[in-house]
Amino acid sequence: MIALVVFRIAAYVRSHRVFQALLPILVMISIVYASRAPRGAEAAALTDSAVLVIPFLAWAARGLLDTEPDEQRAISATGAGGRLREVAAGLLAALVTCTAFAALTLGCGLMLGLSATPSRGVVSAGVVLHGLAVLAGVALGALTSRPVMPSPAYSVTALVAGFLMMLLVGASPAYWLTVPVTAWMKAAGAGRLVTELPGLTAISLAWCLAALTVYGYLRRSRP
Amino acid sequence: MGSISIVRFFITTMRAALYRYSTMWLTQVSFRYRRRDRYVIEAAEARLAPGDVVELTGANGAGKSTLLRLLAGLTRPTSGAVTDRPAVVGYVPDRFPTGQPFTVAGYLRHMARVRGGARWEPWAERVGLDAFSEVRLRELSKGTAHKVGLVQALMAEPGLLVLDEPFAGLDQDTRDALPQIVTEVTERGGIVVASDHQGGLGTLDGVRLWSLRSARLIEHPPSSSPADSSALDDSLDGSPGVFAASGDAVAVEVRVPARDLDGFLRRMRDDGYPARALTEEEAR
């Protein structure tokens, strides 16, 4: 399966689709960290970047999963020993790619975007939130990829709508009904990120895993 | 830890070897794309033993590619089951997907790694692909791209080889070589199923003839061919109650209780006879 993961990432890079996600992420990093976050606002700055990178990670995951032509997916499935492995390899390749993009975002934030060195707790929280952003991005990208949504127009609309729903529902009292990205930002702005992180992580993780499970279920009838 | 890994590797390897060649079954396999669609395949029953070669025919849109995908495990049946499929499956689509950013050698190297380190070079040489190693997939002609599809399927010594229109676009040398390649796969104990409009595997001994008509999978007796059955189909268009003959085929009229009609027709079709009920006007 690792060989299939390598094949898919190689196809993503060699087809230059990787730039469709990398360039917008670089632009986002430039805007978010254009002026260094003031002392005491390190957690808020890192949380903002973790939230804002989600749609770009979803775009990257969708792009990677859609690089492979439909018939190649069939060939890959027989080569890897079953459709389940092909689906898992695609998700793993998207996870690796999005982790690289998230690490770039977090690294730029820590090295260039902060006025003061953040505490170890804030850095850990930033790592956890960027990790959750990766999962949310992969799940959203997978659910809007071609096997699930063949129409490019509906797919892009669903991707954007999915992220907007996370923002809007996450700002409401029923924030636990989605990956509560606005609640992440609220907690960081109020200086409660480290204490509230376990609860927010549990909710976010549950929704990401649920979305990935739905993707796996849908792919049973959408080869 | 190391010994556990070795044992696990051994078990995995043995399991793959054990199930590489096996008898597979289709049990009441039906398929439709959506809930309210008509069935593309309906209640297909078949047994495929090691060494079998099956030539599948049918009109355009009859469901040949769908049946091949069901056999290869790429599509789940709506109902019924395909069981005991050999562990290693080779699948050659009717159109190889050339829209990929690799050269021929680069692509086949990746597929060889996916297949656990299979050797692709001898197969590439055999089908005349070695001269195209550094050519990009996008630049290949249809026939040459089809050879890439053949090589990726053959390199792993498949227990089940599924070929969708394998002769389309191939040059004469490869067309001549393909029956021999199929024979080698079956002599190892592999099963080969090919949809073929061109009868390219007809030269092989013991080829089983399947056809798809009206969503039904029909196996024709070795002595007859789908062409004979077509003649029978034509003769069935004759007047009811009259024995009509066309070549070696005759049309017969059988009266059965209305409640037994479906079962009777199914049994006849399963036996390879293109049976159908007469319309009310024909029966008058």
# chains A, B, ... in the order shown; residues from 1 in each chain; ligands from 1

call {"tool": "closest_atom_pairs", "arguments": {"of": "chain A", "to": "chain B", "cutoff": "6 Å", "atoms": "only C-alpha atoms", "output": "tab-separated table"}}
result
residue	atom	partner	partner_atom	distance
A:Ala3	CA	B:Val114	CA	5.0
A:Leu4	CA	B:Val114	CA	5.6
A:Arg14	CA	B:Pro101	CA	5.9
A:Ser15	CA	B:Pro101	CA	5.5
A:Thr78	CA	B:Val89	CA	5.7
A:Gly79	CA	B:Arg115	CA	5.6
A:Ala80	CA	B:Val114	CA	5.9

call {"tool": "write_last_selection", "arguments": {"atoms": "N, CA and C atoms", "output": "PDB file, in the first residue's frame"}}
result
ATOM      1  N   ALA A   3       3.596   1.662  -1.576  1.00  0.00           N
ATOM      2  CA  ALA A   3       3.987   1.927  -2.965  1.00  0.00           C
ATOM      3  C   ALA A   3       2.887   2.696  -3.695  1.00  0.00           C
ATOM      4  N   LEU A   4       1.634   2.369  -3.380  1.00  0.00           N
ATOM      5  CA  LEU A   4       0.517   3.075  -4.028  1.00  0.00           C
ATOM      6  C   LEU A   4       0.421   4.516  -3.517  1.00  0.00           C
ATOM      7  N   ARG A  14       4.109  15.467 -10.048  1.00  0.00           N
ATOM      8  CA  ARG A  14       4.552  15.521 -11.448  1.00  0.00           C
ATOM      9  C   ARG A  14       3.502  16.166 -12.357  1.00  0.00           C
ATOM     10  N   SER A  15       2.236  16.079 -11.969  1.00  0.00           N
ATOM     11  CA  SER A  15       1.200  16.711 -12.798  1.00  0.00           C
ATOM     12  C   SER A  15       1.112  18.214 -12.523  1.00  0.00           C
ATOM     13  N   THR A  78      -6.879  -3.289  -8.256  1.00  0.00           N
ATOM     14  CA  THR A  78      -6.499  -4.689  -8.494  1.00  0.00           C
ATOM     15  C   THR A  78      -5.021  -4.899  -8.146  1.00  0.00           C
ATOM     16  N   GLY A  79      -4.192  -3.892  -8.427  1.00  0.00           N
ATOM     17  CA  GLY A  79      -2.762  -4.012  -8.121  1.00  0.00           C
ATOM     18  C   GLY A  79      -2.495  -4.090  -6.626  1.00  0.00           C
ATOM     19  N   ALA A  80      -3.225  -3.282  -5.859  1.00  0.00           N
ATOM     20  CA  ALA A  80      -2.980  -3.219  -4.416  1.00  0.00           C
ATOM     21  C   ALA A  80      -3.667  -4.354  -3.660  1.00  0.00           C
TER      22      ALA A  80
END

call {"tool": "select_by_dssp", "arguments": {"residues": "region 104-170 of chain B", "states": "strand (DSSP E)", "output": "VMD selection string"}}
result
chain B and resid 160 to 164

call {"tool": "closest_residue", "arguments": {"among": "B:Leu161, B:Val53, B:Ala168, B:Ala46", "to": "Leu68 (chain B)", "atoms": "only C-alpha atoms"}}
result
B:Leu161

call {"tool": "closest_residue", "arguments": {"among": "B:Leu140, B:Val40, B:Leu154, B:Val135", "to": "Pro122 (chain B)", "atoms": "only C-alpha atoms"}}
result
B:Leu154

call {"tool": "closest_residue", "arguments": {"among": "B:Gly263, B:Gly159, B:Pro222, B:Gly128", "to": "Ala277 (chain B)", "atoms": "only C-alpha atoms"}}
result
B:Gly263

call {"tool": "residues_around", "arguments": {"residues": "Val82 (chain B)", "least_positions_apart": "2", "cutoff": "8 Å", "atoms": "only C-alpha atoms", "output": "PyMOL selection string"}}
result
chain B and resi 24-27+29+70-71+77+80+84-85

call {"tool": "select_by_dssp", "arguments": {"residues": "region 17-152 of chain A", "states": "helix (DSSP H, G or I)", "output": "compact mmCIF listing (two decimals) with N, CA, C and O atoms, in the first residue's frame"}}
result
# COMPACT_ATOMS: atom_id res chain seq x y z
N VAL A 18 0.09 20.10 -7.54
CA VAL A 18 0.53 20.50 -6.21
C VAL A 18 0.58 22.03 -6.09
O VAL A 18 0.31 22.59 -5.02
N PHE A 19 0.89 22.70 -7.22
CA PHE A 19 0.99 24.17 -7.17
C PHE A 19 -0.38 24.83 -6.98
O PHE A 19 -0.46 25.95 -6.50
N GLN A 20 -1.44 24.13 -7.40
CA GLN A 20 -2.79 24.69 -7.23
C GLN A 20 -3.13 24.88 -5.76
O GLN A 20 -3.98 25.70 -5.41
N ALA A 21 -2.48 24.12 -4.88
CA ALA A 21 -2.71 24.29 -3.44
C ALA A 21 -1.57 25.07 -2.79
O ALA A 21 -1.80 25.90 -1.91
N LEU A 22 -0.35 24.81 -3.24
CA LEU A 22 0.82 25.44 -2.60
C LEU A 22 0.79 26.96 -2.73
O LEU A 22 1.02 27.69 -1.75
N LEU A 23 0.49 27.45 -3.93
CA LEU A 23 0.54 28.91 -4.14
C LEU A 23 -0.51 29.64 -3.28
O LEU A 23 -0.15 30.62 -2.60
N PRO A 24 -1.77 29.22 -3.24
CA PRO A 24 -2.73 29.89 -2.35
C PRO A 24 -2.32 29.81 -0.87
O PRO A 24 -2.54 30.77 -0.13
N ILE A 25 -1.71 28.69 -0.47
CA ILE A 25 -1.28 28.57 0.93
C ILE A 25 -0.16 29.59 1.22
O ILE A 25 -0.16 30.24 2.27
N LEU A 26 0.76 29.77 0.27
CA LEU A 26 1.82 30.76 0.47
C LEU A 26 1.24 32.17 0.56
O LEU A 26 1.67 32.99 1.38
N VAL A 27 0.22 32.44 -0.27
CA VAL A 27 -0.44 33.76 -0.22
C VAL A 27 -1.11 33.94 1.14
O VAL A 27 -0.99 35.00 1.78
N MET A 28 -1.79 32.89 1.61
CA MET A 28 -2.47 32.98 2.92
C MET A 28 -1.46 33.23 4.04
O MET A 28 -1.67 34.07 4.91
N ILE A 29 -0.34 32.51 4.00
CA ILE A 29 0.69 32.69 5.04
C ILE A 29 1.20 34.13 5.01
O ILE A 29 1.37 34.78 6.05
N SER A 30 1.41 34.65 3.80
CA SER A 30 1.91 36.03 3.66
C SER A 30 0.94 37.03 4.28
O SER A 30 1.35 38.00 4.92
N ILE A 31 -0.37 36.80 4.06
CA ILE A 31 -1.37 37.75 4.58
C ILE A 31 -1.51 37.62 6.10
O ILE A 31 -1.47 38.61 6.83
N VAL A 32 -1.64 36.36 6.60
CA VAL A 32 -1.88 36.15 8.04
C VAL A 32 -0.70 36.65 8.86
O VAL A 32 -0.87 37.27 9.91
N GLU A 42 0.04 35.14 20.59
CA GLU A 42 0.63 34.02 19.84
C GLU A 42 -0.40 32.92 19.58
O GLU A 42 -0.50 32.41 18.45
N ALA A 43 -1.18 32.57 20.63
CA ALA A 43 -2.16 31.48 20.47
C ALA A 43 -3.21 31.86 19.42
O ALA A 43 -3.59 31.03 18.57
N ALA A 44 -3.67 33.11 19.46
CA ALA A 44 -4.69 33.55 18.50
C ALA A 44 -4.15 33.50 17.07
O ALA A 44 -4.85 33.06 16.14
N ALA A 45 -2.89 33.92 16.89
CA ALA A 45 -2.31 33.94 15.54
C ALA A 45 -2.16 32.52 15.00
O ALA A 45 -2.52 32.24 13.83
N LEU A 46 -1.67 31.62 15.84
CA LEU A 46 -1.49 30.23 15.38
C LEU A 46 -2.84 29.56 15.10
O LEU A 46 -2.98 28.78 14.15
N THR A 47 -3.85 29.89 15.93
CA THR A 47 -5.19 29.30 15.72
C THR A 47 -5.79 29.84 14.42
O THR A 47 -6.40 29.07 13.64
N ASP A 48 -5.65 31.15 14.19
CA ASP A 48 -6.17 31.72 12.93
C ASP A 48 -5.58 31.01 11.72
O ASP A 48 -6.28 30.67 10.76
N SER A 49 -4.27 30.77 11.76
CA SER A 49 -3.65 30.12 10.59
C SER A 49 -4.14 28.68 10.45
O SER A 49 -4.35 28.19 9.33
N ALA A 50 -4.36 28.00 11.61
CA ALA A 50 -4.87 26.62 11.54
C ALA A 50 -6.27 26.58 10.92
O ALA A 50 -6.60 25.66 10.17
N VAL A 51 -7.09 27.58 11.23
CA VAL A 51 -8.45 27.61 10.68
C VAL A 51 -8.42 27.99 9.20
O VAL A 51 -9.08 27.35 8.36
N LEU A 52 -7.65 29.04 8.89
CA LEU A 52 -7.68 29.54 7.51
C LEU A 52 -7.06 28.58 6.49
O LEU A 52 -7.38 28.65 5.30
N ILE A 54 -7.55 25.40 6.42
CA ILE A 54 -8.42 24.22 6.18
C ILE A 54 -8.96 24.16 4.74
O ILE A 54 -8.83 23.11 4.08
N PRO A 55 -9.55 25.24 4.19
CA PRO A 55 -10.07 25.10 2.82
C PRO A 55 -8.98 24.80 1.80
O PRO A 55 -9.22 24.08 0.83
N PHE A 56 -7.78 25.30 2.05
CA PHE A 56 -6.67 25.04 1.11
C PHE A 56 -6.20 23.58 1.24
O PHE A 56 -5.82 22.96 0.25
N LEU A 57 -6.25 23.07 2.46
CA LEU A 57 -5.91 21.65 2.64
C LEU A 57 -6.97 20.76 1.99
O LEU A 57 -6.64 19.74 1.38
N ALA A 58 -8.22 21.17 2.12
CA ALA A 58 -9.31 20.42 1.46
C ALA A 58 -9.12 20.46 -0.05
O ALA A 58 -9.30 19.44 -0.74
N TRP A 59 -8.74 21.61 -0.57
CA TRP A 59 -8.48 21.77 -2.01
C TRP A 59 -7.33 20.85 -2.44
O TRP A 59 -7.38 20.21 -3.49
N ALA A 60 -6.29 20.80 -1.59
CA ALA A 60 -5.13 19.94 -1.89
C ALA A 60 -5.54 18.47 -1.88
O ALA A 60 -5.18 17.71 -2.79
N ALA A 61 -6.32 18.07 -0.87
CA ALA A 61 -6.74 16.66 -0.79
C ALA A 61 -7.61 16.28 -1.98
O ALA A 61 -7.43 15.22 -2.59
N ARG A 62 -8.53 17.18 -2.32
CA ARG A 62 -9.41 16.92 -3.47
C ARG A 62 -8.59 16.81 -4.75
O ARG A 62 -8.81 15.92 -5.58
N GLY A 63 -7.63 17.73 -4.91
CA GLY A 63 -6.78 17.72 -6.11
C GLY A 63 -5.98 16.44 -6.21
O GLY A 63 -5.86 15.84 -7.28
N LEU A 64 -5.44 15.99 -5.08
CA LEU A 64 -4.64 14.76 -5.11
C LEU A 64 -5.51 13.55 -5.46
O LEU A 64 -5.14 12.74 -6.31
N LEU A 65 -6.67 13.47 -4.83
CA LEU A 65 -7.54 12.30 -5.09
C LEU A 65 -8.07 12.29 -6.52
O LEU A 65 -8.35 11.24 -7.08
N ASP A 66 -8.21 13.50 -7.10
CA ASP A 66 -8.76 13.58 -8.46
C ASP A 66 -7.69 13.50 -9.55
O ASP A 66 -8.03 13.49 -10.74
N THR A 67 -6.42 13.47 -9.15
CA THR A 67 -5.36 13.39 -10.16
C THR A 67 -5.45 12.08 -10.93
O THR A 67 -5.23 12.02 -12.13
N ASP A 70 -10.16 7.71 -13.62
CA ASP A 70 -11.06 6.70 -13.06
C ASP A 70 -10.57 5.27 -13.33
O ASP A 70 -10.60 4.41 -12.46
N GLU A 71 -10.14 5.01 -14.58
CA GLU A 71 -9.71 3.66 -14.91
C GLU A 71 -8.42 3.30 -14.17
O GLU A 71 -8.18 2.13 -13.86
N GLN A 72 -7.58 4.30 -13.90
CA GLN A 72 -6.37 4.01 -13.15
C GLN A 72 -6.71 3.59 -11.72
O GLN A 72 -6.03 2.77 -11.12
N ARG A 73 -7.79 4.19 -11.17
CA ARG A 73 -8.22 3.76 -9.83
C ARG A 73 -8.55 2.28 -9.82
O ARG A 73 -8.23 1.57 -8.87
N ALA A 74 -9.18 1.82 -10.91
CA ALA A 74 -9.52 0.39 -11.01
C ALA A 74 -8.25 -0.44 -11.10
O ALA A 74 -8.12 -1.47 -10.42
N ILE A 75 -7.29 0.01 -11.92
CA ILE A 75 -6.02 -0.72 -12.05
C ILE A 75 -5.30 -0.75 -10.70
O ILE A 75 -4.77 -1.78 -10.26
N SER A 76 -5.28 0.40 -10.01
CA SER A 76 -4.60 0.49 -8.71
C SER A 76 -5.25 -0.45 -7.70
O SER A 76 -4.57 -1.08 -6.89
N ALA A 77 -6.59 -0.52 -7.74
CA ALA A 77 -7.30 -1.38 -6.79
C ALA A 77 -6.93 -2.84 -7.00
O ALA A 77 -6.67 -3.57 -6.03
N THR A 78 -6.88 -3.29 -8.26
CA THR A 78 -6.50 -4.69 -8.49
C THR A 78 -5.02 -4.90 -8.15
O THR A 78 -4.65 -5.94 -7.61
N GLY A 79 -4.19 -3.89 -8.43
CA GLY A 79 -2.76 -4.01 -8.12
C GLY A 79 -2.49 -4.09 -6.63
O GLY A 79 -1.66 -4.87 -6.17
N ALA A 80 -3.23 -3.28 -5.86
CA ALA A 80 -2.98 -3.22 -4.42
C ALA A 80 -3.67 -4.35 -3.66
O ALA A 80 -3.39 -4.55 -2.48
N ARG A 83 -10.27 -2.87 -3.34
CA ARG A 83 -10.70 -1.46 -3.37
C ARG A 83 -10.47 -0.78 -2.04
O ARG A 83 -10.20 0.40 -1.97
N LEU A 84 -10.58 -1.54 -0.96
CA LEU A 84 -10.38 -0.95 0.37
C LEU A 84 -8.97 -0.39 0.49
O LEU A 84 -8.75 0.72 1.00
N ARG A 85 -8.00 -1.13 0.00
CA ARG A 85 -6.61 -0.66 0.05
C ARG A 85 -6.41 0.56 -0.83
O ARG A 85 -5.64 1.45 -0.51
N GLU A 86 -7.08 0.56 -1.98
CA GLU A 86 -6.95 1.72 -2.88
C GLU A 86 -7.51 2.97 -2.20
O GLU A 86 -6.89 4.04 -2.24
N VAL A 87 -8.66 2.84 -1.55
CA VAL A 87 -9.27 3.97 -0.84
C VAL A 87 -8.34 4.43 0.30
O VAL A 87 -8.08 5.62 0.47
N ALA A 88 -7.83 3.46 1.06
CA ALA A 88 -6.94 3.80 2.18
C ALA A 88 -5.67 4.47 1.69
O ALA A 88 -5.19 5.45 2.30
N ALA A 89 -5.13 3.98 0.58
CA ALA A 89 -3.90 4.58 0.04
C ALA A 89 -4.15 6.02 -0.39
O ALA A 89 -3.30 6.90 -0.17
N GLY A 90 -5.30 6.28 -1.00
CA GLY A 90 -5.64 7.64 -1.40
C GLY A 90 -5.72 8.57 -0.20
O GLY A 90 -5.17 9.68 -0.21
N LEU A 91 -6.39 8.11 0.86
CA LEU A 91 -6.52 8.95 2.06
C LEU A 91 -5.15 9.17 2.72
O LEU A 91 -4.85 10.28 3.17
N LEU A 92 -4.34 8.13 2.71
CA LEU A 92 -3.01 8.26 3.33
C LEU A 92 -2.15 9.24 2.54
O LEU A 92 -1.42 10.06 3.14
N ALA A 93 -2.24 9.17 1.22
CA ALA A 93 -1.47 10.11 0.38
C ALA A 93 -1.95 11.54 0.63
O ALA A 93 -1.13 12.47 0.73
N ALA A 94 -3.26 11.73 0.76
CA ALA A 94 -3.80 13.07 1.03
C ALA A 94 -3.35 13.54 2.41
O ALA A 94 -3.01 14.71 2.60
N LEU A 95 -3.31 12.62 3.35
CA LEU A 95 -2.89 12.95 4.72
C LEU A 95 -1.42 13.40 4.73
O LEU A 95 -1.07 14.41 5.37
N VAL A 96 -0.57 12.69 4.02
CA VAL A 96 0.86 13.04 3.98
C VAL A 96 1.03 14.41 3.34
O VAL A 96 1.76 15.29 3.85
N THR A 97 0.35 14.63 2.22
CA THR A 97 0.48 15.91 1.51
C THR A 97 -0.02 17.07 2.37
O THR A 97 0.65 18.10 2.49
N CYS A 98 -1.19 16.89 2.98
CA CYS A 98 -1.75 17.97 3.79
C CYS A 98 -0.91 18.22 5.05
O CYS A 98 -0.81 19.36 5.51
N THR A 99 -0.33 17.16 5.58
CA THR A 99 0.56 17.34 6.74
C THR A 99 1.76 18.20 6.36
O THR A 99 2.17 19.08 7.13
N ALA A 100 2.29 17.97 5.17
CA ALA A 100 3.43 18.79 4.71
C ALA A 100 3.01 20.26 4.59
O ALA A 100 3.73 21.17 5.03
N PHE A 101 1.82 20.50 4.02
CA PHE A 101 1.34 21.89 3.87
C PHE A 101 1.09 22.53 5.24
O PHE A 101 1.41 23.69 5.47
N ALA A 102 0.50 21.76 6.16
CA ALA A 102 0.21 22.29 7.50
C ALA A 102 1.51 22.57 8.26
O ALA A 102 1.61 23.58 8.97
N ALA A 103 2.50 21.70 8.09
CA ALA A 103 3.79 21.92 8.75
C ALA A 103 4.44 23.20 8.21
O ALA A 103 5.05 23.97 8.98
N LEU A 104 4.30 23.42 6.90
CA LEU A 104 4.84 24.65 6.30
C LEU A 104 4.15 25.87 6.93
O LEU A 104 4.82 26.86 7.29
N THR A 105 2.83 25.80 7.06
CA THR A 105 2.07 26.92 7.64
C THR A 105 2.49 27.18 9.08
O THR A 105 2.77 28.31 9.48
N LEU A 106 2.54 26.11 9.87
CA LEU A 106 2.90 26.25 11.28
C LEU A 106 4.35 26.72 11.43
O LEU A 106 4.65 27.61 12.25
N GLY A 107 5.23 26.15 10.62
CA GLY A 107 6.65 26.53 10.68
C GLY A 107 6.85 28.01 10.37
O GLY A 107 7.58 28.72 11.07
N CYS A 108 6.18 28.48 9.31
CA CYS A 108 6.30 29.91 8.95
C CYS A 108 5.76 30.77 10.09
O CYS A 108 6.34 31.82 10.40
N GLY A 109 4.64 30.33 10.68
CA GLY A 109 4.04 31.09 11.80
C GLY A 109 5.00 31.19 12.96
O GLY A 109 5.22 32.28 13.51
N LEU A 110 5.60 30.07 13.35
CA LEU A 110 6.49 30.07 14.51
C LEU A 110 7.78 30.85 14.25
O LEU A 110 8.29 31.53 15.13
N MET A 111 8.28 30.77 13.03
CA MET A 111 9.58 31.40 12.74
C MET A 111 9.45 32.87 12.36
O MET A 111 10.30 33.68 12.68
N LEU A 112 8.35 33.20 11.65
CA LEU A 112 8.27 34.55 11.07
C LEU A 112 7.11 35.38 11.59
O LEU A 112 7.11 36.61 11.46
N ARG A 120 5.49 26.63 25.77
CA ARG A 120 5.45 25.27 25.24
C ARG A 120 4.00 24.81 25.06
O ARG A 120 3.67 24.12 24.09
N GLY A 121 3.12 25.23 26.00
CA GLY A 121 1.71 24.84 25.92
C GLY A 121 1.05 25.40 24.67
O GLY A 121 0.27 24.71 23.99
N VAL A 122 1.36 26.65 24.33
CA VAL A 122 0.78 27.27 23.14
C VAL A 122 1.30 26.60 21.86
O VAL A 122 0.54 26.35 20.91
N VAL A 123 2.59 26.29 21.87
CA VAL A 123 3.15 25.60 20.70
C VAL A 123 2.47 24.23 20.52
O VAL A 123 2.08 23.86 19.41
N SER A 124 2.30 23.53 21.64
CA SER A 124 1.64 22.20 21.57
C SER A 124 0.21 22.35 21.04
O SER A 124 -0.24 21.56 20.20
N ALA A 125 -0.49 23.36 21.56
CA ALA A 125 -1.86 23.59 21.09
C ALA A 125 -1.87 23.91 19.59
O ALA A 125 -2.75 23.44 18.85
N GLY A 126 -0.90 24.71 19.15
CA GLY A 126 -0.79 25.04 17.72
C GLY A 126 -0.58 23.79 16.87
O GLY A 126 -1.20 23.61 15.82
N VAL A 127 0.27 22.88 17.38
CA VAL A 127 0.53 21.62 16.65
C VAL A 127 -0.75 20.79 16.57
O VAL A 127 -1.11 20.26 15.51
N VAL A 128 -1.47 20.70 17.72
CA VAL A 128 -2.70 19.90 17.75
C VAL A 128 -3.73 20.49 16.78
O VAL A 128 -4.36 19.77 15.99
N LEU A 129 -3.90 21.83 16.80
CA LEU A 129 -4.90 22.45 15.93
C LEU A 129 -4.54 22.29 14.45
O LEU A 129 -5.43 22.07 13.61
N HIS A 130 -3.26 22.40 14.13
CA HIS A 130 -2.87 22.18 12.72
C HIS A 130 -3.08 20.72 12.33
O HIS A 130 -3.41 20.43 11.18
N GLY A 131 -2.88 19.81 13.29
CA GLY A 131 -3.18 18.40 13.03
C GLY A 131 -4.66 18.18 12.77
O GLY A 131 -5.04 17.46 11.84
N LEU A 132 -5.49 18.83 13.58
CA LEU A 132 -6.94 18.73 13.36
C LEU A 132 -7.33 19.37 12.02
O LEU A 132 -8.25 18.89 11.34
N ALA A 133 -6.64 20.47 11.67
CA ALA A 133 -6.91 21.12 10.38
C ALA A 133 -6.61 20.15 9.23
O ALA A 133 -7.34 20.11 8.23
N VAL A 134 -5.54 19.37 9.38
CA VAL A 134 -5.20 18.38 8.35
C VAL A 134 -6.33 17.36 8.20
O VAL A 134 -6.80 17.09 7.09
N LEU A 135 -6.81 16.84 9.32
CA LEU A 135 -7.89 15.84 9.27
C LEU A 135 -9.16 16.44 8.67
O LEU A 135 -9.82 15.81 7.83
N ALA A 136 -9.49 17.67 9.11
CA ALA A 136 -10.69 18.32 8.58
C ALA A 136 -10.55 18.57 7.08
O ALA A 136 -11.50 18.35 6.30
N GLY A 137 -9.36 19.00 6.67
CA GLY A 137 -9.12 19.27 5.24
C GLY A 137 -9.22 18.00 4.41
O GLY A 137 -9.85 17.98 3.35
N VAL A 138 -8.60 16.92 4.90
CA VAL A 138 -8.63 15.64 4.15
C VAL A 138 -10.07 15.14 4.05
O VAL A 138 -10.51 14.70 2.98
N ALA A 139 -10.82 15.23 5.16
CA ALA A 139 -12.20 14.74 5.15
C ALA A 139 -13.06 15.54 4.18
O ALA A 139 -13.81 14.97 3.37
N LEU A 140 -12.92 16.87 4.23
CA LEU A 140 -13.72 17.73 3.33
C LEU A 140 -13.31 17.52 1.88
O LEU A 140 -14.16 17.43 0.98
N GLY A 141 -12.01 17.40 1.65
CA GLY A 141 -11.52 17.18 0.28
C GLY A 141 -11.98 15.83 -0.25
O GLY A 141 -12.37 15.71 -1.42
N ALA A 142 -11.94 14.79 0.60
CA ALA A 142 -12.34 13.45 0.16
C ALA A 142 -13.84 13.42 -0.18
O ALA A 142 -14.24 12.84 -1.20
N LEU A 143 -14.64 14.07 0.66
CA LEU A 143 -16.09 14.04 0.41
C LEU A 143 -16.49 14.85 -0.83
O LEU A 143 -17.60 14.70 -1.32
N PRO A 152 -17.79 18.97 -11.21
CA PRO A 152 -16.82 19.91 -10.63
C PRO A 152 -17.51 21.12 -9.98
O PRO A 152 -17.06 21.59 -8.94

call {"tool": "residues_around", "arguments": {"residues": "Ser133 (chain B)", "least_positions_apart": "4", "cutoff": "9 Å", "atoms": "only C-alpha atoms", "output": "PDB file with C-alpha atoms, in the first residue's frame"}}
result
ATOM      1  CA  THR B 103       6.784   7.746 -18.982  1.00  0.00           C
ATOM      2  CA  VAL B 104       6.001   4.117 -19.854  1.00  0.00           C
ATOM      3  CA  ALA B 105       8.954   2.846 -17.777  1.00  0.00           C
ATOM      4  CA  GLY B 106       8.180   5.219 -14.893  1.00  0.00           C
ATOM      5  CA  ALA B 124       7.298  -5.198 -22.050  1.00  0.00           C
ATOM      6  CA  LEU B 129       6.911  -2.063 -25.625  1.00  0.00           C
TER       7      LEU B 129
END

call {"tool": "atom_distance", "arguments": {"atom1": "CA of Val53 (chain A)", "atom2": "CA of Pro150 (chain A)"}}
result
24.5 Å

call {"tool": "atom_distance", "arguments": {"atom1": "CA of Met166 (chain A)", "atom2": "CA of Thr144 (chain A)"}}
result
15.2 Å
